[in-house]
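**Student:** Before anything else, here's the structure in question.
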Amino acid sequence: MKIMLDAGHGYNTTGKRSPNGMREYEFNKAVANHARGLLECYRNVTVYFAHSDERDVTLRERTKSANHLDVDLYISIHANAFGGGWSDAGGIETYIYLSKPPRAYALAQKIQRNAIAATGLRNRGVKTADFHDLRETIMDAVLVEAGFMTNPDESKLLRSESYRKKIAGAIVAAIVEQYGLVREG
């Protein structure tokens with residue numbers, strides 16, 4: 001199975017920061033790295049990254065790469081935001097494309113369930129959206145918003161290594177359950 005993990009946005013993407021300066025990419029990248037480490041423990045799994053630490057990769061490049069590599073699954077990892085400063089908006093939500101592809105919807109439900117169970121944050125549910133990376137990929141694609149960087153309490157969580165590992169673990173557990181992955185050895 002070929003899986004592409006996308007640390008949403010890029011290191012230098014403007015405006016993607018918490019009010020106290022944490023870059024969204026910092027969180028997204030850490031979760032993608034943890035998820036890759038966990039996924040590499042399973043048989044016949046190859047993990048690709050859509051992002052780069054050296055430059056901002058456009059959404060078009062990311063989806064084109066996923067389609068060209070003919071990956072089986074595309075997971076985009078994000079931290080949410082509301083407004084320009086601190087707010088009380090909070091929780092986790094998972095997105096799929098508007099047409100609600102059945103396998104992507106089932107996976108999104110599993111990710112959402114696991115993430116809420118692991119973190120105890122508010123369940124904002126599985127939603128549909130016309131996001132480029134969901135619309136332009138030809139494989140199952142899911143986008144996870146793993147907490148609000150504009151919420152003071154959740155921003156602290158997003159900076160924490162233990163929270164990042166919980167989100168990665170929730171994503172991987174859902175993938176394992178959905179696709180019946182088998183651990184090595």
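Ordered as shown in the structure tokens, chains take letters A, B, and onward, while each chain numbers its residues from 1 and ligands are numbered from 1 in the order shown.
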Quick one: pick out all alpha helix (DSSP H) residues within region 6-117 of chain A from a backbone DSSP run and write them as a PyMOL selection string.
**Tutor:** chain A and resi 24-39+59-69+102-117
**Student:** Those same residues, written as a short mmCIF file (atom, residue, chain, number, x, y, z; two decimals), in the first residue's frame with N, CA and C atoms?
**Tutor:**
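Contents of the output file selection24.cif:
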data_model
loop_
_atom_site.label_atom_id
_atom_site.label_comp_id
_atom_site.auth_asym_id
_atom_site.auth_seq_id
_atom_site.Cartn_x
_atom_site.Cartn_y
_atom_site.Cartn_z
N GLU A 24 1.94 26.72 11.73
CA GLU A 24 1.12 25.52 11.56
C GLU A 24 1.95 24.37 11.01
N TYR A 25 2.84 24.67 10.07
CA TYR A 25 3.66 23.62 9.46
C TYR A 25 4.47 22.84 10.49
N GLU A 26 4.89 23.53 11.56
CA GLU A 26 5.66 22.86 12.62
C GLU A 26 4.87 21.68 13.20
N PHE A 27 3.59 21.92 13.49
CA PHE A 27 2.73 20.87 14.00
C PHE A 27 2.47 19.81 12.92
N ASN A 28 2.07 20.25 11.75
CA ASN A 28 1.71 19.33 10.67
C ASN A 28 2.87 18.38 10.34
N LYS A 29 4.07 18.94 10.24
CA LYS A 29 5.26 18.16 9.90
C LYS A 29 5.56 17.12 10.99
N ALA A 30 5.46 17.53 12.24
CA ALA A 30 5.76 16.61 13.35
C ALA A 30 4.78 15.43 13.33
N VAL A 31 3.50 15.70 13.12
CA VAL A 31 2.51 14.62 13.07
C VAL A 31 2.79 13.70 11.89
N ALA A 32 3.11 14.28 10.73
CA ALA A 32 3.44 13.46 9.54
C ALA A 32 4.65 12.58 9.81
N ASN A 33 5.66 13.11 10.46
CA ASN A 33 6.86 12.32 10.78
C ASN A 33 6.53 11.17 11.73
N HIS A 34 5.74 11.46 12.76
CA HIS A 34 5.35 10.40 13.70
C HIS A 34 4.51 9.33 12.99
N ALA A 35 3.58 9.77 12.15
CA ALA A 35 2.72 8.83 11.43
C ALA A 35 3.56 7.94 10.50
N ARG A 36 4.52 8.54 9.81
CA ARG A 36 5.37 7.75 8.93
C ARG A 36 6.11 6.68 9.73
N GLY A 37 6.67 7.05 10.86
CA GLY A 37 7.38 6.08 11.70
C GLY A 37 6.50 4.92 12.11
N LEU A 38 5.26 5.22 12.45
CA LEU A 38 4.32 4.17 12.85
C LEU A 38 3.93 3.30 11.65
N LEU A 39 3.67 3.93 10.52
CA LEU A 39 3.23 3.18 9.33
C LEU A 39 4.32 2.27 8.78
N LEU A 59 -0.29 23.29 -3.79
CA LEU A 59 -1.30 22.23 -3.74
C LEU A 59 -1.33 21.45 -5.05
N ARG A 60 -1.18 22.15 -6.16
CA ARG A 60 -1.18 21.47 -7.46
C ARG A 60 -0.04 20.46 -7.56
N GLU A 61 1.14 20.86 -7.10
CA GLU A 61 2.29 19.94 -7.11
C GLU A 61 2.04 18.74 -6.21
N ARG A 62 1.44 18.97 -5.06
CA ARG A 62 1.18 17.89 -4.10
C ARG A 62 0.23 16.85 -4.69
N THR A 63 -0.88 17.32 -5.26
CA THR A 63 -1.86 16.38 -5.80
C THR A 63 -1.35 15.71 -7.08
N LYS A 64 -0.61 16.46 -7.87
CA LYS A 64 -0.04 15.88 -9.09
C LYS A 64 0.94 14.76 -8.74
N SER A 65 1.75 14.97 -7.71
CA SER A 65 2.69 13.95 -7.26
C SER A 65 1.96 12.71 -6.76
N ALA A 66 0.92 12.91 -5.95
CA ALA A 66 0.15 11.77 -5.43
C ALA A 66 -0.47 10.98 -6.57
N ASN A 67 -1.03 11.67 -7.55
CA ASN A 67 -1.65 11.00 -8.70
C ASN A 67 -0.60 10.29 -9.55
N HIS A 68 0.54 10.93 -9.76
CA HIS A 68 1.61 10.34 -10.57
C HIS A 68 2.17 9.07 -9.91
N LEU A 69 2.34 9.11 -8.60
CA LEU A 69 2.85 7.95 -7.86
C LEU A 69 1.79 6.87 -7.68
N PRO A 102 -17.32 6.55 -0.53
CA PRO A 102 -17.61 5.68 0.62
C PRO A 102 -16.39 5.27 1.44
N ARG A 103 -15.29 4.87 0.80
CA ARG A 103 -14.12 4.44 1.58
C ARG A 103 -13.49 5.62 2.30
N ALA A 104 -13.42 6.77 1.64
CA ALA A 104 -12.85 7.95 2.29
C ALA A 104 -13.73 8.36 3.48
N TYR A 105 -15.03 8.28 3.31
CA TYR A 105 -15.94 8.64 4.40
C TYR A 105 -15.76 7.69 5.58
N ALA A 106 -15.65 6.39 5.30
CA ALA A 106 -15.45 5.41 6.37
C ALA A 106 -14.13 5.67 7.10
N LEU A 107 -13.08 5.98 6.35
CA LEU A 107 -11.78 6.28 6.97
C LEU A 107 -11.87 7.55 7.80
N ALA A 108 -12.50 8.59 7.27
CA ALA A 108 -12.64 9.85 8.00
C ALA A 108 -13.38 9.63 9.32
N GLN A 109 -14.41 8.80 9.31
CA GLN A 109 -15.13 8.49 10.55
C GLN A 109 -14.22 7.80 11.56
N LYS A 110 -13.38 6.89 11.08
CA LYS A 110 -12.45 6.19 11.99
C LYS A 110 -11.40 7.15 12.54
N ILE A 111 -10.86 8.01 11.69
CA ILE A 111 -9.88 8.99 12.17
C ILE A 111 -10.52 9.89 13.22
N GLN A 112 -11.70 10.39 12.92
CA GLN A 112 -12.40 11.28 13.85
C GLN A 112 -12.65 10.59 15.18
N ARG A 113 -13.17 9.39 15.15
CA ARG A 113 -13.46 8.63 16.37
C ARG A 113 -12.18 8.42 17.19
N ASN A 114 -11.10 7.98 16.53
CA ASN A 114 -9.85 7.72 17.24
C ASN A 114 -9.23 9.00 17.80
N ALA A 115 -9.28 10.08 17.04
CA ALA A 115 -8.68 11.34 17.50
C ALA A 115 -9.42 11.89 18.71
N ILE A 116 -10.73 11.80 18.70
CA ILE A 116 -11.52 12.29 19.84
C ILE A 116 -11.25 11.42 21.07
N ALA A 117 -11.21 10.10 20.86
CA ALA A 117 -10.94 9.19 21.98
C ALA A 117 -9.55 9.43 22.57
#
**Student:** I need the residues of region 14-104 of chain A that end up classed as strand (DSSP E) by DSSP on the backbone, written out as a list in words.
**Tutor:**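 After running DSSP on the backbone, region 14-104 of chain A has strand (DSSP E) at Thr46, Val47, Tyr48, Phe49, Leu73, Tyr74, Ile75, Ser76, Ile77, His78, Ala79, Asn80, Ile92, Glu93, Thr94, Tyr95, Ile96 and Tyr97 of chain A.
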**Student:** Choose the residue, out of A:Gly83, A:Arg55, A:Leu121, A:Ala141, that has the smallest atom-to-atom separation from Met4 (chain A); count only C-alpha atoms.
**Tutor:** A:Ala141
**Student:** To one decimal place in Å, what is the distance between CA of Gly120 (chain A) and CA of Arg159 (chain A)?
**Tutor:**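 For CA of Gly120 (chain A) relative to CA of Arg159 (chain A), the distance reads 16.6 Å.
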**Student:** Between A:Ile92, A:Leu143, A:Asp70, A:Tyr42, which has the minimum distance to Leu158 (chain A) (counting only C-alpha atoms)?
**Tutor:** A:Ile92
**Student:** Env of Tyr74 (chain A): 7 Å cut, atoms = only C-alpha atoms, seq-sep filter 4 positions within chain, self excluded. Answer as a ChimeraX atom specification.
**Tutor:** /A:3-5,139-142
**Student:** Keeping only N, CA and C atoms, write those residues as a JSON list (two decimals), in the first residue's frame.
**Tutor:**
[["chain", "number", "residue", "atom", "x", "y", "z"],
["A", 3, "ILE", "N", 1.04, 5.26, 0.65],
["A", 3, "ILE", "CA", 0.34, 6.31, 1.38],
["A", 3, "ILE", "C", 1.12, 7.61, 1.26],
["A", 4, "MET", "N", 0.43, 8.70, 0.92],
["A", 4, "MET", "CA", 1.07, 10.01, 0.90],
["A", 4, "MET", "C", 0.55, 10.82, 2.07],
["A", 5, "LEU", "N", 1.48, 11.27, 2.90],
["A", 5, "LEU", "CA", 1.16, 12.15, 4.01],
["A", 5, "LEU", "C", 1.53, 13.57, 3.61],
["A", 139, "MET", "N", -7.31, 9.19, -5.57],
["A", 139, "MET", "CA", -7.37, 8.11, -4.58],
["A", 139, "MET", "C", -8.20, 8.58, -3.39],
["A", 140, "ASP", "N", -8.42, 7.69, -2.42],
["A", 140, "ASP", "CA", -9.08, 8.11, -1.19],
["A", 140, "ASP", "C", -8.26, 9.24, -0.58],
["A", 141, "ALA", "N", -8.95, 10.31, -0.16],
["A", 141, "ALA", "CA", -8.25, 11.46, 0.40],
["A", 141, "ALA", "C", -9.04, 12.00, 1.58],
["A", 142, "VAL", "N", -8.31, 12.34, 2.64],
["A", 142, "VAL", "CA", -8.90, 12.84, 3.87],
["A", 142, "VAL", "C", -8.04, 13.99, 4.37]]
**Student:** For each of A:Ala81, A:Ala7, A:Ala170, A:Cys41, take the minimum atom-to-atom distance to Val57 (chain A), counting only C-alpha atoms, then give the residue where this is smallest.
**Tutor:** A:Ala7
**Student:** What gap, in Å, lies between CA of Tyr95 (chain A) and CA of Asp53 (chain A)?
**Tutor:**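 Atom-to-atom, CA of Tyr95 (chain A) to CA of Asp53 (chain A), that is 24.7 Å.
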**Student:** Do you have, as a tab-separated table, the list of residues of region 43-87 of chain A lying at most 9 Å from region 144-150 of chain A, each with its nearest atom pair and that distance in Å to one decimal, counting only C-alpha atoms and ordered by chain then number?
**Tutor:**
residue	atom	partner	partner_atom	distance
A:Ile75	CA	A:Val144	CA	7.5
A:Ser76	CA	A:Val144	CA	6.2
A:Ile77	CA	A:Val144	CA	5.1
A:His78	CA	A:Glu145	CA	4.8
A:Ala79	CA	A:Glu145	CA	5.1
A:Asn80	CA	A:Phe148	CA	4.4
A:Ala81	CA	A:Phe148	CA	5.1
A:Phe82	CA	A:Thr150	CA	6.1
A:Gly83	CA	A:Thr150	CA	7.6
A:Gly84	CA	A:Thr150	CA	7.8
A:Gly85	CA	A:Thr150	CA	6.3
A:Trp86	CA	A:Thr150	CA	4.8
A:Ser87	CA	A:Thr150	CA	5.8
**Student:** Since we have the selection now, will you write its residues out, keeping all heavy atoms, as a short mmCIF file (atom, residue, chain, number, x, y, z; two decimals), in the first residue's frame?
**Tutor:**
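In the end it all went to again-v1.cif:
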data_model
loop_
_atom_site.label_atom_id
_atom_site.label_comp_id
_atom_site.auth_asym_id
_atom_site.auth_seq_id
_atom_site.Cartn_x
_atom_site.Cartn_y
_atom_site.Cartn_z
N ILE A 75 -3.43 11.63 2.93
CA ILE A 75 -3.87 12.21 4.21
C ILE A 75 -3.21 13.58 4.37
O ILE A 75 -1.98 13.68 4.40
CB ILE A 75 -3.47 11.33 5.41
CG1 ILE A 75 -4.03 9.91 5.28
CG2 ILE A 75 -3.90 11.99 6.72
CD1 ILE A 75 -5.48 9.75 5.61
N SER A 76 -4.02 14.62 4.49
CA SER A 76 -3.51 15.97 4.69
C SER A 76 -3.73 16.36 6.15
O SER A 76 -4.86 16.26 6.66
CB SER A 76 -4.24 16.94 3.75
OG SER A 76 -3.63 18.21 3.79
N ILE A 77 -2.67 16.78 6.81
CA ILE A 77 -2.68 17.06 8.25
C ILE A 77 -2.60 18.57 8.47
O ILE A 77 -1.72 19.24 7.91
CB ILE A 77 -1.49 16.35 8.93
CG1 ILE A 77 -1.59 14.84 8.70
CG2 ILE A 77 -1.43 16.70 10.41
CD1 ILE A 77 -0.29 14.09 8.92
N HIS A 78 -3.50 19.09 9.30
CA HIS A 78 -3.59 20.54 9.53
C HIS A 78 -3.91 20.85 10.99
O HIS A 78 -4.39 19.99 11.72
CB HIS A 78 -4.71 21.14 8.69
CG HIS A 78 -4.44 21.12 7.23
ND1 HIS A 78 -3.97 22.20 6.54
CD2 HIS A 78 -4.59 20.13 6.31
CE1 HIS A 78 -3.83 21.88 5.26
NE2 HIS A 78 -4.20 20.63 5.10
N ALA A 79 -3.68 22.10 11.34
CA ALA A 79 -4.19 22.70 12.57
C ALA A 79 -5.14 23.81 12.13
O ALA A 79 -4.83 24.56 11.21
CB ALA A 79 -3.06 23.25 13.43
N ASN A 80 -6.27 23.90 12.75
CA ASN A 80 -7.32 24.82 12.36
C ASN A 80 -7.08 26.21 12.94
O ASN A 80 -6.24 26.40 13.83
CB ASN A 80 -8.67 24.28 12.86
CG ASN A 80 -9.78 24.50 11.87
OD1 ASN A 80 -9.74 25.41 11.05
ND2 ASN A 80 -10.80 23.67 11.97
N ALA A 81 -7.85 27.19 12.47
CA ALA A 81 -7.78 28.56 12.99
C ALA A 81 -9.14 29.21 12.83
O ALA A 81 -9.91 28.86 11.94
CB ALA A 81 -6.72 29.36 12.24
N PHE A 82 -9.42 30.16 13.71
CA PHE A 82 -10.65 30.93 13.61
C PHE A 82 -10.34 32.37 13.98
O PHE A 82 -9.89 32.65 15.10
CB PHE A 82 -11.73 30.38 14.54
CG PHE A 82 -13.03 31.13 14.45
CD1 PHE A 82 -13.89 30.91 13.39
CD2 PHE A 82 -13.37 32.07 15.42
CE1 PHE A 82 -15.08 31.62 13.29
CE2 PHE A 82 -14.55 32.78 15.33
CZ PHE A 82 -15.41 32.56 14.26
N GLY A 83 -10.53 33.27 13.04
CA GLY A 83 -10.27 34.69 13.28
C GLY A 83 -8.78 35.01 13.28
O GLY A 83 -7.94 34.16 13.02
N GLY A 84 -8.47 36.23 13.60
CA GLY A 84 -7.09 36.68 13.56
C GLY A 84 -6.36 36.65 14.89
O GLY A 84 -5.15 36.81 14.95
N GLY A 85 -7.09 36.43 15.97
CA GLY A 85 -6.48 36.39 17.29
C GLY A 85 -6.94 35.15 18.04
O GLY A 85 -7.38 34.19 17.44
N TRP A 86 -6.85 35.22 19.36
CA TRP A 86 -7.30 34.09 20.16
C TRP A 86 -8.81 33.99 20.11
O TRP A 86 -9.51 34.99 20.03
CB TRP A 86 -6.85 34.25 21.61
CG TRP A 86 -5.38 34.17 21.80
CD1 TRP A 86 -4.57 35.19 22.21
CD2 TRP A 86 -4.53 33.05 21.59
NE1 TRP A 86 -3.27 34.75 22.27
CE2 TRP A 86 -3.21 33.44 21.89
CE3 TRP A 86 -4.75 31.74 21.16
CZ2 TRP A 86 -2.13 32.59 21.79
CZ3 TRP A 86 -3.66 30.88 21.06
CH2 TRP A 86 -2.38 31.29 21.37
N SER A 87 -9.32 32.76 20.17
CA SER A 87 -10.77 32.54 20.17
C SER A 87 -11.07 31.30 21.00
O SER A 87 -10.16 30.57 21.39
CB SER A 87 -11.30 32.36 18.75
OG SER A 87 -10.99 31.06 18.26
#
**Student:** For Val182 (chain A), please output as a PDB file with C-alpha atoms, in the first residue's frame all residues within 10 Å (counting only C-alpha atoms; exclusion window: fewer than 5 positions along the same chain).
**Tutor:**
ATOM      1  CA  CYS A  41       6.117  -0.926  10.973  1.00  0.00           C
ATOM      2  CA  TYR A  42       3.518  -2.513   8.676  1.00  0.00           C
ATOM      3  CA  ARG A  43       4.058  -4.932   5.799  1.00  0.00           C
ATOM      4  CA  ASN A  44       4.006  -3.694   2.236  1.00  0.00           C
ATOM      5  CA  VAL A  45       3.528  -0.041   3.187  1.00  0.00           C
ATOM      6  CA  VAL A 176      -4.704   0.059   9.985  1.00  0.00           C
ATOM      7  CA  GLU A 177      -8.338  -0.694  10.801  1.00  0.00           C
TER       8      GLU A 177
END
**Student:** What is the distance, in Å and to one decimal place, between CA of Tyr48 (chain A) and CA of Phe131 (chain A)?
**Tutor:** 20.4 Å
**Student:** Go through A:Thr46, A:Thr137, A:Ser155, A:Thr14 and flag the residue nearest Leu181 (chain A), using only C-alpha atoms for the distances.
**Tutor:**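 Using only C-alpha atoms, the shortest distance to Leu181 (chain A) belongs to A:Thr46.
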**Student:** Hey, what's within 6 Å of region 123-128 of chain A if we count only C-alpha atoms and toss same-chain stuff fewer than 5 positions away? As a PDB file with N, CA, C and O atoms, in the first residue's frame, please?
**Tutor:**
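Output file result-v1.pdb is given in full below:
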ATOM      1  N   GLY A  91     -11.697  22.042  18.893  1.00  0.00           N
ATOM      2  CA  GLY A  91     -12.077  20.693  18.525  1.00  0.00           C
ATOM      3  C   GLY A  91     -11.397  20.188  17.271  1.00  0.00           C
ATOM      4  O   GLY A  91     -10.567  20.864  16.670  1.00  0.00           O
ATOM      5  N   ILE A  92     -11.771  18.975  16.913  1.00  0.00           N
ATOM      6  CA  ILE A  92     -11.174  18.273  15.769  1.00  0.00           C
ATOM      7  C   ILE A  92     -12.266  18.008  14.752  1.00  0.00           C
ATOM      8  O   ILE A  92     -13.389  17.637  15.117  1.00  0.00           O
ATOM      9  N   GLU A  93     -11.925  18.194  13.479  1.00  0.00           N
ATOM     10  CA  GLU A  93     -12.835  17.856  12.394  1.00  0.00           C
ATOM     11  C   GLU A  93     -12.048  17.214  11.257  1.00  0.00           C
ATOM     12  O   GLU A  93     -10.865  17.482  11.088  1.00  0.00           O
ATOM     13  N   THR A  94     -12.718  16.359  10.521  1.00  0.00           N
ATOM     14  CA  THR A  94     -12.090  15.631   9.428  1.00  0.00           C
ATOM     15  C   THR A  94     -12.926  15.838   8.182  1.00  0.00           C
ATOM     16  O   THR A  94     -14.157  15.778   8.234  1.00  0.00           O
ATOM     17  N   TYR A  95     -12.248  16.096   7.057  1.00  0.00           N
ATOM     18  CA  TYR A  95     -12.924  16.422   5.810  1.00  0.00           C
ATOM     19  C   TYR A  95     -12.687  15.384   4.724  1.00  0.00           C
ATOM     20  O   TYR A  95     -11.602  14.800   4.634  1.00  0.00           O
ATOM     21  N   ILE A  96     -13.716  15.230   3.897  1.00  0.00           N
ATOM     22  CA  ILE A  96     -13.626  14.459   2.658  1.00  0.00           C
ATOM     23  C   ILE A  96     -14.251  15.300   1.558  1.00  0.00           C
ATOM     24  O   ILE A  96     -14.878  16.327   1.829  1.00  0.00           O
ATOM     25  N   TYR A  97     -14.115  14.838   0.303  1.00  0.00           N
ATOM     26  CA  TYR A  97     -14.662  15.584  -0.817  1.00  0.00           C
ATOM     27  C   TYR A  97     -16.188  15.560  -0.800  1.00  0.00           C
ATOM     28  O   TYR A  97     -16.816  14.661  -0.237  1.00  0.00           O
ATOM     29  N   LEU A  98     -16.787  16.519  -1.464  1.00  0.00           N
ATOM     30  CA  LEU A  98     -18.242  16.708  -1.490  1.00  0.00           C
ATOM     31  C   LEU A  98     -19.034  15.468  -1.895  1.00  0.00           C
ATOM     32  O   LEU A  98     -20.140  15.244  -1.414  1.00  0.00           O
TER      33      LEU A  98
END
